Amino acid sequence: MQPLVDRYGRVATDLRVSLTDRCNLRCSYCMPAEGLDWLPGEDQLTDDEVVRLITVAVERLGVREVRFTGGEPLVRRGLVDIVRRVRALDPEVELSITSNGIGLARMAGALAEAGLDRVNVSLDTVRSEVFQEITRRDRFTDVVEGLAAAEEAGLRPIKVNGVLLRGVNDDQAPELLRWCLERGYQLRFIEQMPLDAQHGWSRDTMVTADEIFAQLDREFALTPATEPRGSAPAELFLVDGGPATVGVIASVTRPFCGDCDRVRLTADGQVRNCLFAREESDLRGALRAGASDAELAERWLVAMAGKAAGHGIDDPTFLQPDRPMSAIGG
């Protein structure tokens with residue numbers, strides 16, 4: 001086994017696998033109301049190809065956590081079988097999913113039975129009318145039911161990811177936290193990142209971590225968590241003395257690139273070693289041309305070696321990636 005080490009000594013053990021670029025919501029900070037041109041079916045990795053590349057990552061490159069993402073991974077028809085097959089590789093590898101929660105009420109039990117450990121669900125508000133404004137869909141109840149089903153299925157801890165948008169829900173941080181605390185969910189606020197398909201992101205209008213803390217401090221006593229952060233993207237804080245916590249992922253204003261342990265595989269088989277990378281390394285072509293597992297692993301190692309020191313958002317020359325978040329996978 002040869003670890004995925006970059007030239008700065010960071011080791012990638014956390015693999016984010018996008019299973020599709022399709023989504024059944026149209027969140028305003030991600031894609032336009034009319035949606036996007038989806039990947040052609042023949043460009044997307046098959047179930048067997050997904051499992052094979054994950055096998056290479058786990059058995060040859062030391063990956064210890066696999067997160068299934070999208071788009072919306074629950075719309076991938078083979079999801080449950082993919083989870084079952086990946087679980088069979090190694091019972092100690094952590095398997096999770098990042099979802100919008102729609103469809104989770106129907107699938108949570110099957111995913112748990114297949115070996116999924118836990119879920120992250122994106123939810124930016126607990127007001128149904130604001131949810132509809134942000135997502136352009138009236139599906140708030142479906143998400144709430146999905147979270148409850150995940151809890152019942154034992155997919156814990158359940159983490160909720162929330163993004164605050166200026167003039168839309170930027171006053172709702174305490175309300176969202178209180179709602180999560182009442183249900184035992186772990187809330188993580190995420191600064192809005194320059195990954196929207198419309199390229200409309202602006203640092204001037206982004207709700208910052210400092211603003212989030214200022215809101216929460218008015219209603220809660222936050223103290224830094226005692227456990228080391230390590231490579232985790234979220235800064236954790238005890239709420240009113242604990243044990244409940246809230247996290248803030250400040251990718252823009254408080255970057256944590258120096259401790260990054262993540263690598264990404266897109267739905268069409270491209271390695272991305274940073275969310276904001278503008279270059280990708282093709283594994284699909286080599287796989288379909290008959291490359292061995294050893295050759296695929298070597299290609300992956302070469303791709304990882306080119307990882308930049310940081311995302312460079314503060315650099316005047318920074319350019320937003322061509323792919324939006326829905327086509328990269330979080």
# chains A, B, ... in the order shown; residues from 1 in each chain; ligands from 1
>>> closest_atom_pairs(of="region 69-134 of chain A", to="region 144-163 of chain A", cutoff="8 Å", atoms="only C-alpha atoms", output="Markdown table")
| residue | atom | partner | partner_atom | distance |
| --- | --- | --- | --- | --- |
| A:Gly101 | CA | A:Gly146 | CA | 5.3 |
| A:Ile102 | CA | A:Gly146 | CA | 6.4 |
| A:Gly103 | CA | A:Gly146 | CA | 6.7 |
| A:Leu104 | CA | A:Gly146 | CA | 4.4 |
| A:Ala105 | CA | A:Gly146 | CA | 4.1 |
| A:Arg106 | CA | A:Gly146 | CA | 7.7 |
| A:Ala108 | CA | A:Ala150 | CA | 5.3 |
| A:Gly109 | CA | A:Ala153 | CA | 5.3 |
| A:Ala112 | CA | A:Ala153 | CA | 6.3 |
| A:Leu116 | CA | A:Leu155 | CA | 7.2 |
| A:Asp117 | CA | A:Leu155 | CA | 5.5 |
| A:Arg118 | CA | A:Leu155 | CA | 4.2 |
| A:Val119 | CA | A:Ile158 | CA | 5.5 |
| A:Asn120 | CA | A:Lys159 | CA | 4.6 |
| A:Val121 | CA | A:Val160 | CA | 4.9 |
| A:Ser122 | CA | A:Asn161 | CA | 4.6 |
| A:Leu123 | CA | A:Gly162 | CA | 5.3 |
| A:Asp124 | CA | A:Gly162 | CA | 4.3 |
| A:Thr125 | CA | A:Gly162 | CA | 7.5 |
>>> select_by_dssp(residues="region 31-163 of chain A", states="strand (DSSP E)", output="ChimeraX atom specification")
/A:65-69,94-99,118-122,159-162
>>> write_last_selection(atoms="C-alpha atoms", output="mmCIF file, in the first residue's frame")
data_model
loop_
_atom_site.group_PDB
_atom_site.id
_atom_site.type_symbol
_atom_site.label_atom_id
_atom_site.label_comp_id
_atom_site.auth_asym_id
_atom_site.auth_seq_id
_atom_site.Cartn_x
_atom_site.Cartn_y
_atom_site.Cartn_z
ATOM 1 C CA GLU A 65 -13.381 7.192 4.716
ATOM 2 C CA VAL A 66 -15.638 7.223 1.673
ATOM 3 C CA ARG A 67 -18.339 9.875 1.339
ATOM 4 C CA PHE A 68 -20.909 9.513 -1.448
ATOM 5 C CA THR A 69 -21.968 12.860 -2.880
ATOM 6 C CA GLU A 94 -16.323 4.787 7.356
ATOM 7 C CA LEU A 95 -19.104 5.141 4.790
ATOM 8 C CA SER A 96 -21.274 8.248 4.723
ATOM 9 C CA ILE A 97 -23.422 10.236 2.349
ATOM 10 C CA THR A 98 -24.080 13.927 1.760
ATOM 11 C CA SER A 99 -27.674 14.408 0.623
ATOM 12 C CA ARG A 118 -24.117 8.053 8.767
ATOM 13 C CA VAL A 119 -25.569 10.938 6.778
ATOM 14 C CA ASN A 120 -24.959 14.640 6.235
ATOM 15 C CA VAL A 121 -28.086 16.492 5.128
ATOM 16 C CA SER A 122 -28.112 19.986 3.640
ATOM 17 C CA LYS A 159 -25.060 16.124 10.633
ATOM 18 C CA VAL A 160 -26.894 19.072 9.106
ATOM 19 C CA ASN A 161 -25.080 21.451 6.757
ATOM 20 C CA GLY A 162 -26.438 24.991 6.572
#
>>> closest_residue(among="A:Val246, A:Ala309, A:Leu111, A:Ala221", to="Ala173 (chain A)", atoms="only C-alpha atoms")
A:Val246
>>> closest_residue(among="A:Leu165, A:Val93, A:Met193, A:Val239", to="Cys180 (chain A)", atoms="only C-alpha atoms")
A:Val239
>>> select_by_dssp(residues="region 105-246 of chain A", states="alpha helix (DSSP H)", output="ChimeraX atom specification")
/A:105-114,128-135,140-153,173-183,209-217
>>> residues_around(residues="Ala297 (chain A)", least_positions_apart="3", cutoff="9 Å", atoms="only C-alpha atoms", output="list in words")
Gln2, Leu53, Val56, Ala57, Arg60, Leu61, Ser292, Asp293, Ala294, Trp300, Leu301 and Val302 of chain A
>>> residues_around(residues="Asp259 (chain A)", least_positions_apart="6", cutoff="9 Å", atoms="only C-alpha atoms", output="PDB file with C-alpha atoms, in the first residue's frame")
ATOM      1  CA  ARG A  10      -0.489  15.932   3.395  1.00  0.00           C
ATOM      2  CA  VAL A  11      -1.989  12.434   3.210  1.00  0.00           C
ATOM      3  CA  GLY A 230      -7.100  17.601  13.184  1.00  0.00           C
ATOM      4  CA  SER A 231      -8.039  17.540   9.505  1.00  0.00           C
ATOM      5  CA  ALA A 232     -11.755  18.128  10.122  1.00  0.00           C
ATOM      6  CA  PRO A 233     -13.097  21.075   8.103  1.00  0.00           C
TER       7      PRO A 233
END
>>> closest_residue(among="A:Arg218, A:Arg178, A:Arg323, A:Arg76", to="Asp37 (chain A)", atoms="only C-alpha atoms")
A:Arg323
>>> atom_distance(atom1="CA of Ala209 (chain A)", atom2="CA of Val17 (chain A)")
27.1 Å
>>> atom_distance(atom1="CA of Asp171 (chain A)", atom2="CA of Thr208 (chain A)")
12.5 Å
>>> closest_residue(among="A:Arg262, A:Arg254, A:Lys307, A:Arg166", to="Ala277 (chain A)", atoms="only C-alpha atoms")
A:Lys307
>>> closest_residue(among="A:Leu181, A:Leu45, A:Cys27, A:Leu296", to="Asp240 (chain A)", atoms="only C-alpha atoms")
A:Leu181
>>> closest_residue(among="A:Met304, A:Ala114, A:Met1, A:Ala33", to="Val58 (chain A)", atoms="only C-alpha atoms")
A:Met1
>>> residues_around(residues="Arg22 (chain A)", least_positions_apart="5", cutoff="7 Å", atoms="only C-alpha atoms", output="ChimeraX atom specification")
/A:38,71-72
>>> write_last_selection(atoms="C-alpha atoms", output="compact mmCIF listing (two decimals), in the first residue's frame")
# COMPACT_ATOMS: atom_id res chain seq x y z
CA TRP A 38 -26.29 16.81 -17.20
CA GLY A 71 -25.44 16.25 -7.28
CA GLU A 72 -27.89 14.29 -5.22
>>> atom_distance(atom1="CA of Arg84 (chain A)", atom2="CA of Val50 (chain A)")
12.5 Å
